[in-house]
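Visitor: Data file final22.cif (mmCIF, C-alpha atoms) is appended below.
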data_input
#
loop_
_atom_site.group_PDB
_atom_site.id
_atom_site.type_symbol
_atom_site.label_atom_id
_atom_site.label_comp_id
_atom_site.auth_asym_id
_atom_site.auth_seq_id
_atom_site.Cartn_x
_atom_site.Cartn_y
_atom_site.Cartn_z
ATOM 1 C CA MET A 1 -6.837 20.858 -23.996
ATOM 2 C CA ASP A 2 -8.341 20.945 -20.515
ATOM 3 C CA ARG A 3 -5.745 18.927 -18.659
ATOM 4 C CA CYS A 4 -2.650 19.597 -16.597
ATOM 5 C CA VAL A 5 1.025 18.667 -16.864
ATOM 6 C CA VAL A 6 3.607 18.619 -14.051
ATOM 7 C CA LEU A 7 7.274 19.387 -14.747
ATOM 8 C CA VAL A 8 9.524 18.396 -11.844
ATOM 9 C CA ASP A 9 13.112 19.523 -11.394
ATOM 10 C CA ALA A 10 14.211 16.574 -9.237
ATOM 11 C CA GLY A 11 17.443 18.288 -8.223
ATOM 12 C CA TYR A 12 15.459 21.182 -6.760
ATOM 13 C CA LEU A 13 12.651 19.121 -5.227
ATOM 14 C CA LEU A 14 14.852 16.563 -3.458
ATOM 15 C CA GLY A 15 17.674 18.973 -2.632
ATOM 16 C CA ALA A 16 15.271 21.416 -0.982
ATOM 17 C CA ALA A 17 13.580 18.524 0.847
ATOM 18 C CA ALA A 18 16.965 17.385 2.173
ATOM 19 C CA SER A 19 17.730 20.918 3.386
ATOM 20 C CA LEU A 20 14.365 21.086 5.114
ATOM 21 C CA LEU A 21 14.501 17.664 6.790
ATOM 22 C CA ALA A 22 18.219 16.925 7.198
ATOM 23 C CA GLY A 23 19.773 20.378 7.328
ATOM 24 C CA GLU A 24 21.813 20.077 4.127
ATOM 25 C CA PRO A 25 20.931 19.724 0.434
ATOM 26 C CA ALA A 26 22.669 16.361 -0.048
ATOM 27 C CA ARG A 27 20.154 13.874 -1.470
ATOM 28 C CA SER A 28 22.124 11.066 0.204
ATOM 29 C CA ARG A 29 20.743 12.333 3.528
ATOM 30 C CA ILE A 30 17.140 11.417 2.664
ATOM 31 C CA SER A 31 15.174 8.365 1.623
ATOM 32 C CA VAL A 32 12.335 8.772 -0.878
ATOM 33 C CA ASP A 33 9.267 6.677 -1.546
ATOM 34 C CA HIS A 34 8.869 7.626 -5.200
ATOM 35 C CA ALA A 35 5.507 5.903 -5.605
ATOM 36 C CA ILE A 36 3.955 7.966 -2.799
ATOM 37 C CA LEU A 37 5.659 11.123 -4.057
ATOM 38 C CA ILE A 38 4.337 10.729 -7.610
ATOM 39 C CA GLN A 39 0.846 9.942 -6.350
ATOM 40 C CA GLY A 40 0.938 13.021 -4.123
ATOM 41 C CA LEU A 41 2.042 15.247 -7.008
ATOM 42 C CA ARG A 42 -0.729 13.915 -9.203
ATOM 43 C CA GLU A 43 -3.481 14.340 -6.625
ATOM 44 C CA ARG A 44 -2.418 17.845 -5.688
ATOM 45 C CA ALA A 45 -2.025 18.982 -9.297
ATOM 46 C CA GLU A 46 -5.498 17.736 -10.237
ATOM 47 C CA ALA A 47 -7.013 19.340 -7.139
ATOM 48 C CA GLU A 48 -5.399 22.754 -7.607
ATOM 49 C CA THR A 49 -5.793 23.032 -11.381
ATOM 50 C CA GLU A 50 -9.200 21.302 -11.407
ATOM 51 C CA GLN A 51 -7.998 19.435 -14.483
ATOM 52 C CA PRO A 52 -7.126 15.756 -15.056
ATOM 53 C CA LEU A 53 -3.453 14.909 -15.302
ATOM 54 C CA LEU A 54 -1.920 14.310 -18.705
ATOM 55 C CA ARG A 55 1.609 13.476 -17.550
ATOM 56 C CA ILE A 56 4.350 14.081 -15.000
ATOM 57 C CA TYR A 57 7.778 14.845 -16.460
ATOM 58 C CA TRP A 58 10.658 14.008 -14.100
ATOM 59 C CA PHE A 59 13.862 15.873 -14.997
ATOM 60 C CA ASP A 60 17.042 14.727 -13.320
ATOM 61 C CA GLY A 61 20.773 14.280 -13.861
ATOM 62 C CA ALA A 62 22.668 10.984 -14.081
ATOM 63 C CA PRO A 63 26.324 10.104 -14.711
ATOM 64 C CA ASP A 64 26.741 9.710 -18.493
ATOM 65 C CA ARG A 65 22.923 10.007 -18.660
ATOM 66 C CA VAL A 66 22.651 6.369 -17.576
ATOM 67 C CA PRO A 67 19.383 5.761 -15.645
ATOM 68 C CA GLN A 68 19.913 5.010 -11.971
ATOM 69 C CA PRO A 69 17.726 2.564 -10.003
ATOM 70 C CA GLU A 70 15.336 5.338 -8.961
ATOM 71 C CA HIS A 71 14.972 6.466 -12.586
ATOM 72 C CA ARG A 72 14.172 2.920 -13.700
ATOM 73 C CA ARG A 73 11.485 2.689 -11.035
ATOM 74 C CA LEU A 74 10.010 6.038 -12.020
ATOM 75 C CA ARG A 75 9.857 5.549 -15.770
ATOM 76 C CA VAL A 76 7.695 2.452 -15.528
ATOM 77 C CA MET A 77 5.072 4.233 -13.392
ATOM 78 C CA PRO A 78 1.827 5.287 -15.103
ATOM 79 C CA ARG A 79 1.777 8.834 -16.487
ATOM 80 C CA VAL A 80 5.479 9.436 -15.679
ATOM 81 C CA THR A 81 8.146 10.340 -18.239
ATOM 82 C CA VAL A 82 11.805 10.612 -17.173
ATOM 83 C CA ARG A 83 14.153 13.039 -18.915
ATOM 84 C CA LEU A 84 17.829 12.797 -17.978
ATOM 85 C CA GLY A 85 20.598 15.325 -18.252
ATOM 86 C CA ALA A 86 24.253 14.762 -17.460
ATOM 87 C CA LEU A 87 25.600 14.700 -13.926
ATOM 88 C CA THR A 88 29.193 15.863 -13.588
ATOM 89 C CA ARG A 89 31.521 16.272 -10.615
ATOM 90 C CA SER A 90 33.535 19.458 -10.202
ATOM 91 C CA ASP A 91 35.478 20.650 -7.141
ATOM 92 C CA GLY A 92 34.045 17.778 -5.134
ATOM 93 C CA ARG A 93 30.442 18.667 -5.958
ATOM 94 C CA TRP A 94 27.926 17.169 -8.363
ATOM 95 C CA ALA A 95 26.261 19.456 -10.914
ATOM 96 C CA GLN A 96 23.485 18.843 -13.438
ATOM 97 C CA LYS A 97 24.043 19.700 -17.069
ATOM 98 C CA GLY A 98 21.289 19.997 -19.653
ATOM 99 C CA VAL A 99 18.380 19.647 -17.230
ATOM 100 C CA ASP A 100 17.341 23.302 -17.462
ATOM 101 C CA ALA A 101 17.499 23.220 -21.269
ATOM 102 C CA ALA A 102 15.370 20.068 -21.395
ATOM 103 C CA MET A 103 12.748 21.576 -19.066
ATOM 104 C CA HIS A 104 12.664 24.785 -21.092
ATOM 105 C CA ALA A 105 12.188 22.881 -24.358
ATOM 106 C CA GLU A 106 9.380 20.732 -22.934
ATOM 107 C CA LEU A 107 7.632 23.706 -21.373
ATOM 108 C CA THR A 108 7.555 25.753 -24.568
ATOM 109 C CA GLU A 109 6.638 22.760 -26.753
ATOM 110 C CA LEU A 110 3.677 21.821 -24.559
ATOM 111 C CA ALA A 111 2.396 25.383 -24.607
ATOM 112 C CA ARG A 112 2.937 25.870 -28.337
ATOM 113 C CA ASN A 113 1.079 22.664 -29.179
ATOM 114 C CA ARG A 114 -1.688 23.496 -26.698
ATOM 115 C CA ALA A 115 -1.242 20.078 -25.178
ATOM 116 C CA CYS A 116 -2.596 21.295 -21.826
ATOM 117 C CA SER A 117 -4.373 24.179 -20.189
ATOM 118 C CA ASP A 118 -2.300 24.233 -16.984
ATOM 119 C CA ILE A 119 1.368 23.535 -16.273
ATOM 120 C CA VAL A 120 2.736 22.949 -12.790
ATOM 121 C CA LEU A 121 6.423 23.812 -12.404
ATOM 122 C CA VAL A 122 8.290 22.366 -9.420
ATOM 123 C CA THR A 123 11.557 24.259 -9.653
ATOM 124 C CA GLY A 124 13.436 27.260 -8.356
ATOM 125 C CA ASP A 125 15.729 27.932 -11.309
ATOM 126 C CA GLY A 126 15.451 31.376 -12.878
ATOM 127 C CA ASP A 127 16.752 29.986 -16.193
ATOM 128 C CA LEU A 128 13.218 28.756 -16.856
ATOM 129 C CA LEU A 129 11.825 32.280 -16.883
ATOM 130 C CA PRO A 130 11.753 32.612 -20.720
ATOM 131 C CA GLY A 131 9.917 29.286 -21.042
ATOM 132 C CA LEU A 132 7.431 30.300 -18.362
ATOM 133 C CA MET A 133 6.711 33.591 -20.117
ATOM 134 C CA SER A 134 6.350 31.812 -23.462
ATOM 135 C CA ALA A 135 3.817 29.384 -21.972
ATOM 136 C CA LYS A 136 1.767 32.271 -20.627
ATOM 137 C CA GLU A 137 1.764 33.941 -24.037
ATOM 138 C CA HIS A 138 0.251 30.772 -25.477
ATOM 139 C CA GLY A 139 -2.623 30.937 -23.007
ATOM 140 C CA VAL A 140 -1.367 28.319 -20.541
ATOM 141 C CA ALA A 141 -1.801 28.939 -16.814
ATOM 142 C CA VAL A 142 1.500 28.378 -15.005
ATOM 143 C CA HIS A 143 1.481 27.175 -11.387
ATOM 144 C CA LEU A 144 4.789 27.443 -9.546
ATOM 145 C CA TRP A 145 5.339 25.089 -6.618
ATOM 146 C CA ALA A 146 8.038 25.538 -4.007
ATOM 147 C CA VAL A 147 9.383 23.280 -1.291
ATOM 148 C CA GLN A 148 9.195 24.938 2.109
ATOM 149 C CA ALA A 149 12.496 26.719 2.667
ATOM 150 C CA ALA A 150 14.576 25.490 5.600
ATOM 151 C CA ASP A 151 15.363 29.062 6.710
ATOM 152 C CA GLY A 152 11.843 30.354 6.176
ATOM 153 C CA ASP A 153 12.889 32.453 3.167
ATOM 154 C CA TYR A 154 12.399 31.909 -0.570
ATOM 155 C CA ASN A 155 14.390 29.155 -2.272
ATOM 156 C CA GLN A 156 13.215 30.103 -5.758
ATOM 157 C CA SER A 157 14.099 32.755 -8.294
ATOM 158 C CA GLU A 158 12.283 35.980 -7.492
ATOM 159 C CA ASP A 159 11.562 36.468 -11.205
ATOM 160 C CA LEU A 160 9.869 33.077 -11.411
ATOM 161 C CA VAL A 161 7.746 33.890 -8.379
ATOM 162 C CA ALA A 162 6.750 37.236 -9.903
ATOM 163 C CA GLU A 163 5.780 35.799 -13.313
ATOM 164 C CA ALA A 164 3.901 32.674 -12.190
ATOM 165 C CA ASP A 165 0.106 32.783 -12.292
ATOM 166 C CA GLU A 166 -0.158 30.854 -9.025
ATOM 167 C CA ARG A 167 2.387 29.889 -6.372
ATOM 168 C CA ARG A 168 2.008 27.161 -3.773
ATOM 169 C CA VAL A 169 4.336 25.775 -1.112
ATOM 170 C CA LEU A 170 4.836 22.077 -0.429
ATOM 171 C CA ASP A 171 5.252 22.263 3.333
ATOM 172 C CA ARG A 172 6.990 19.898 5.738
ATOM 173 C CA THR A 173 3.816 17.943 6.430
ATOM 174 C CA TRP A 174 3.280 17.281 2.737
ATOM 175 C CA ILE A 175 6.944 16.460 2.058
ATOM 176 C CA THR A 176 7.256 13.961 4.907
ATOM 177 C CA ARG A 177 4.544 11.771 3.438
ATOM 178 C CA ALA A 178 7.135 10.504 0.958
ATOM 179 C CA VAL A 179 10.511 11.769 2.158
ATOM 180 C CA ARG A 180 12.381 10.948 5.367
ATOM 181 C CA ALA A 181 15.739 12.071 6.736
ATOM 182 C CA LYS A 182 18.182 9.211 7.172
ATOM 183 C CA GLU A 183 19.610 8.458 10.606
ATOM 184 C CA LEU A 184 23.287 9.298 10.968
ATOM 185 C CA THR A 185 25.585 6.348 11.623
ATOM 186 C CA GLY A 186 29.269 6.033 12.459
ATOM 187 C CA ALA A 187 31.651 7.716 14.861
ATOM 188 C CA CYS A 188 30.286 11.203 14.176
ATOM 189 C CA ALA A 189 26.677 10.256 14.764
ATOM 190 C CA PRO A 190 25.130 11.605 17.972
ATOM 191 C CA GLN A 191 24.716 8.897 20.565
ATOM 192 C CA PRO A 192 21.131 8.095 21.580
ATOM 193 C CA ALA A 193 20.001 8.992 25.064
ATOM 194 C CA PRO A 194 20.137 6.056 27.508
ATOM 195 C CA GLY A 195 16.904 4.297 28.365
ATOM 196 C CA PRO A 196 15.332 4.535 31.839
ATOM 197 C CA GLU A 197 17.052 1.370 33.092
ATOM 198 C CA ILE A 198 20.498 2.460 31.904
ATOM 199 C CA ALA A 199 19.937 5.975 33.224
ATOM 200 C CA ALA A 200 19.065 4.538 36.685
ATOM 201 C CA ILE A 201 22.260 2.468 36.705
ATOM 202 C CA LEU A 202 24.403 5.427 35.653
ATOM 203 C CA SER A 203 22.881 7.669 38.320
ATOM 204 C CA ALA A 204 23.334 5.121 41.159
ATOM 205 C CA PRO A 205 26.255 5.815 43.595
ATOM 206 C CA LEU A 206 29.388 3.714 43.425
ATOM 207 C CA PRO A 207 29.620 0.807 45.945
ATOM 208 C CA GLU A 208 32.203 2.472 48.177
ATOM 209 C CA THR A 209 30.203 5.676 48.161
ATOM 210 C CA ALA A 210 27.034 3.815 49.103
ATOM 211 C CA ALA A 211 28.836 1.939 51.932
ATOM 212 C CA ALA A 212 30.248 5.168 53.308
ATOM 213 C CA ALA A 213 26.816 6.764 53.221
ATOM 214 C CA ALA A 214 25.244 3.769 55.022
ATOM 215 C CA ALA A 215 27.901 3.508 57.817
ATOM 216 C CA PRO A 216 26.889 5.136 61.143
ATOM 217 C CA ALA A 217 28.584 8.361 62.018
ATOM 218 C CA PRO A 218 31.333 8.033 64.742
ATOM 219 C CA ARG A 219 30.077 8.845 68.218
ATOM 220 C CA SER A 220 31.653 11.793 69.925
ATOM 221 C CA PRO A 221 33.363 11.020 73.296
ATOM 222 C CA GLU A 222 31.195 11.574 76.341
ATOM 223 C CA PRO A 223 32.229 14.625 78.308
ATOM 224 C CA VAL A 224 34.000 14.055 81.606
ATOM 225 C CA PRO A 225 31.894 15.428 84.456
ATOM 226 C CA ALA A 226 33.423 18.377 86.257
ATOM 227 C CA GLU A 227 34.429 18.206 89.920
ATOM 228 C CA ARG A 228 31.723 19.223 92.319
ATOM 229 C CA ASN A 229 32.362 20.338 95.962
ATOM 230 C CA GLY A 230 35.990 19.224 95.720
ATOM 231 C CA SER A 231 35.128 15.607 94.919
ATOM 232 C CA ARG A 232 36.953 13.840 92.123
ATOM 233 C CA PRO A 233 35.195 11.784 89.522
ATOM 234 C CA ALA A 234 35.301 8.057 89.997
ATOM 235 C CA ALA A 235 38.270 6.405 88.351
ATOM 236 C CA PRO A 236 37.669 3.736 85.794
ATOM 237 C CA ALA A 237 37.583 0.182 87.079
ATOM 238 C CA THR A 238 40.341 -2.304 86.296
ATOM 239 C CA THR A 239 39.843 -5.871 85.245
ATOM 240 C CA ASP A 240 39.817 -7.138 88.870
ATOM 241 C CA GLY A 241 37.108 -4.702 89.906
ATOM 242 C CA THR A 242 39.324 -2.236 91.819
ATOM 243 C CA GLU A 243 39.454 1.310 90.846
ATOM 244 C CA ALA A 244 42.527 2.360 88.955
ATOM 245 C CA GLY A 245 43.005 5.406 91.181
ATOM 246 C CA ALA A 246 42.996 3.324 94.426
ATOM 247 C CA LEU A 247 45.485 0.846 93.014
ATOM 248 C CA ASP A 248 47.878 3.633 92.085
ATOM 249 C CA LEU A 249 47.587 5.068 95.626
ATOM 250 C CA TRP A 250 48.304 1.659 97.260
ATOM 251 C CA LEU A 251 51.431 1.244 95.143
ATOM 252 C CA ILE A 252 52.718 4.623 96.209
ATOM 253 C CA ARG A 253 52.141 4.003 99.957
ATOM 254 C CA SER A 254 53.401 0.434 100.075
ATOM 255 C CA PRO A 255 57.065 0.139 101.255
ATOM 256 C CA ALA A 256 59.506 -1.118 98.702
ATOM 257 C CA PRO A 257 60.592 -4.726 99.323
ATOM 258 C CA ALA A 258 64.012 -5.263 100.825
ATOM 259 C CA ASP A 259 66.810 -6.421 98.604
ATOM 260 C CA ALA A 260 67.366 -10.133 98.736
ATOM 261 C CA GLY A 261 71.104 -9.626 99.343
#
Using structure tokens, write down the structure from this file.

Guide:
Amino acid sequence: MDRCVVLVDAGYLLGAAASLLAGEPARSRISVDHAILIQGLRERAEAETEQPLLRIYWFDGAPDRVPQPEHRRLRVMPRVTVRLGALTRSDGRWAQKGVDAAMHAELTELARNRACSDIVLVTGDGDLLPGLMSAKEHGVAVHLWAVQAADGDYNQSEDLVAEADERRVLDRTWITRAVRAKELTGACAPQPAPGPEIAAILSAPLPETAAAAAAPAPRSPEPVPAERNGSRPAAPATTDGTEAGALDLWLIRSPAPADAG
């Protein structure tokens, strides 16, 4: 049948997107617009395979295989089928169980039944290599899609890359149409830079510093003129207008008054 099918390993797609945009593979660090993401996958698959889309299979893990809110939103979208494996916690980390087996079974069944001419695999797991090779043996073209690696290297199994008929990379520009990194909050979150008004206030001098800078500098004392030709400089005047030096001389020359007795 001349149509394409997309098989998405959600753990790989969203984990790699979180590494690319938020610096770590935790899906809690990103927000996803699933409607835009599914539409983008469909449009790109039809453009690259030149075939109409039959269906998108979304493989993901969930605690006790119970659909989460995002799975309930996805499974009611047109042309989307959700397949859930188990999600278990071990050593403080979550791990998917049964997702690889479900993808392998779907991949080989689609190829065996000739349900499509092209299959797009969005995954990095080397466990899907036997299913990929089986699909090729049944005449199906296999397109392997990767999420741009955060470190610029491969984030997929080398064997998958080698066996795929075509390989494409979903780069940052494509990913950010539907995925955004969440802003950190709390005590450990980096504080935002102050705005221009706050920055101006913080850079202004303190009041006492500004007052000290505005006060005039103390004037240095005027130099006393040196004696010229043996003359002495004029003595400072007293409050009654006489010179202090003349008053001192008059006191010295005046006879002391006689004792009253």

Visitor: Decode the PyMOL selection byres ((chain A and resi 108) around 12) for the given file into explicit residues and return them as an MDAnalysis selection string.

Guide: chainID A and resid 7 101:107 109:116 119 128:140 142

Visitor: Quick one: residues within 8 Å of Asp118 (chain A), all atoms listed in the file, excluding same-chain residues fewer than 6 positions away - as a PyMOL selection string?

Guide: chain A and resi 2-5+49+51+140-143

Visitor: Could you pull out every residue with an atom within 12 Å of (5.2, 30.2, -9.8), file coordinates, counting only C-alpha atoms, and send them as number ranges by chain?

Guide: A: 118-126, 128-129, 132-133, 136, 141-147, 154-169

Visitor: Counting all atoms listed in the file, which of A:Ala95, A:Met1, A:Leu21, A:Ala47 gets nearest to Asp151 (chain A)?

Guide: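 Nearest to Asp151 (chain A): A:Leu21.
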
Visitor: Report, in Å with one decimal, the straight-line distance from CA of Arg55 (chain A) to CA of Ala150 (chain A).

Guide: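 Atom-to-atom, CA of Arg55 (chain A) and CA of Ala150 (chain A) are spaced 29.1 Å apart.
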
Visitor: Name the residues that the PyMOL selection byres ((chain A and resi 24-33) around 8) picks from the file above, as a PDB file with C-alpha atoms, keeping the file's coordinate frame, using the file's chain letters and numbers.

Guide:
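Output file result.pdb follows:
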ATOM      1  CA  LEU A  14      14.852  16.563  -3.458  1.00  0.00           C
ATOM      2  CA  GLY A  15      17.674  18.973  -2.632  1.00  0.00           C
ATOM      3  CA  ALA A  16      15.271  21.416  -0.982  1.00  0.00           C
ATOM      4  CA  ALA A  17      13.580  18.524   0.847  1.00  0.00           C
ATOM      5  CA  ALA A  18      16.965  17.385   2.173  1.00  0.00           C
ATOM      6  CA  SER A  19      17.730  20.918   3.386  1.00  0.00           C
ATOM      7  CA  LEU A  20      14.365  21.086   5.114  1.00  0.00           C
ATOM      8  CA  LEU A  21      14.501  17.664   6.790  1.00  0.00           C
ATOM      9  CA  ALA A  22      18.219  16.925   7.198  1.00  0.00           C
ATOM     10  CA  GLY A  23      19.773  20.378   7.328  1.00  0.00           C
ATOM     11  CA  HIS A  34       8.869   7.626  -5.200  1.00  0.00           C
ATOM     12  CA  ALA A  35       5.507   5.903  -5.605  1.00  0.00           C
ATOM     13  CA  ILE A  36       3.955   7.966  -2.799  1.00  0.00           C
ATOM     14  CA  LEU A  37       5.659  11.123  -4.057  1.00  0.00           C
ATOM     15  CA  ALA A 178       7.135  10.504   0.958  1.00  0.00           C
ATOM     16  CA  VAL A 179      10.511  11.769   2.158  1.00  0.00           C
ATOM     17  CA  ARG A 180      12.381  10.948   5.367  1.00  0.00           C
ATOM     18  CA  ALA A 181      15.739  12.071   6.736  1.00  0.00           C
ATOM     19  CA  LYS A 182      18.182   9.211   7.172  1.00  0.00           C
TER      20      LYS A 182
END

Visitor: Using the chain letters and numbers from the file, give me the residues hit by the PyMOL selection byres ((chain A and resi 10) around 7), as a PDB file with C-alpha atoms, in the frame of the given file.

Guide:
ATOM      1  CA  VAL A   8       9.524  18.396 -11.844  1.00  0.00           C
ATOM      2  CA  ASP A   9      13.112  19.523 -11.394  1.00  0.00           C
ATOM      3  CA  GLY A  11      17.443  18.288  -8.223  1.00  0.00           C
ATOM      4  CA  TYR A  12      15.459  21.182  -6.760  1.00  0.00           C
ATOM      5  CA  LEU A  13      12.651  19.121  -5.227  1.00  0.00           C
ATOM      6  CA  LEU A  14      14.852  16.563  -3.458  1.00  0.00           C
ATOM      7  CA  TRP A  58      10.658  14.008 -14.100  1.00  0.00           C
ATOM      8  CA  PHE A  59      13.862  15.873 -14.997  1.00  0.00           C
ATOM      9  CA  ASP A  60      17.042  14.727 -13.320  1.00  0.00           C
TER      10      ASP A  60
END

Visitor: May I ask for the distance between CA of Glu46 (chain A) and CA of Arg83 (chain A), given in Å to one decimal place?

Guide: 22.0 Å

Visitor: Using all atoms listed in the file, can you tell me which of A:Val6, A:Gly40, A:Gly85, A:Lys97 comes closest to Leu53 (chain A)?

Guide: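 Between A:Val6, A:Gly40, A:Gly85, A:Lys97, the residue approaching Leu53 (chain A) most closely is A:Val6.
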
Visitor: What separation in Å, quoted to one decimal, exists between CA of Pro78 (chain A) and CA of Gln39 (chain A)?

Guide: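 CA of Gln39 (chain A) lies at a distance of 10.0 Å from CA of Pro78 (chain A).
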
Visitor: For each of A:Gly152, A:Pro67, A:Gly61, A:Pro52, take the minimum atom-to-atom distance to Arg172 (chain A), counting all atoms listed in the file, then give the residue where this is smallest.

Guide: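 Going through A:Gly152, A:Pro67, A:Gly61, A:Pro52 one by one, the smallest distance to Arg172 (chain A) is for A:Gly152.
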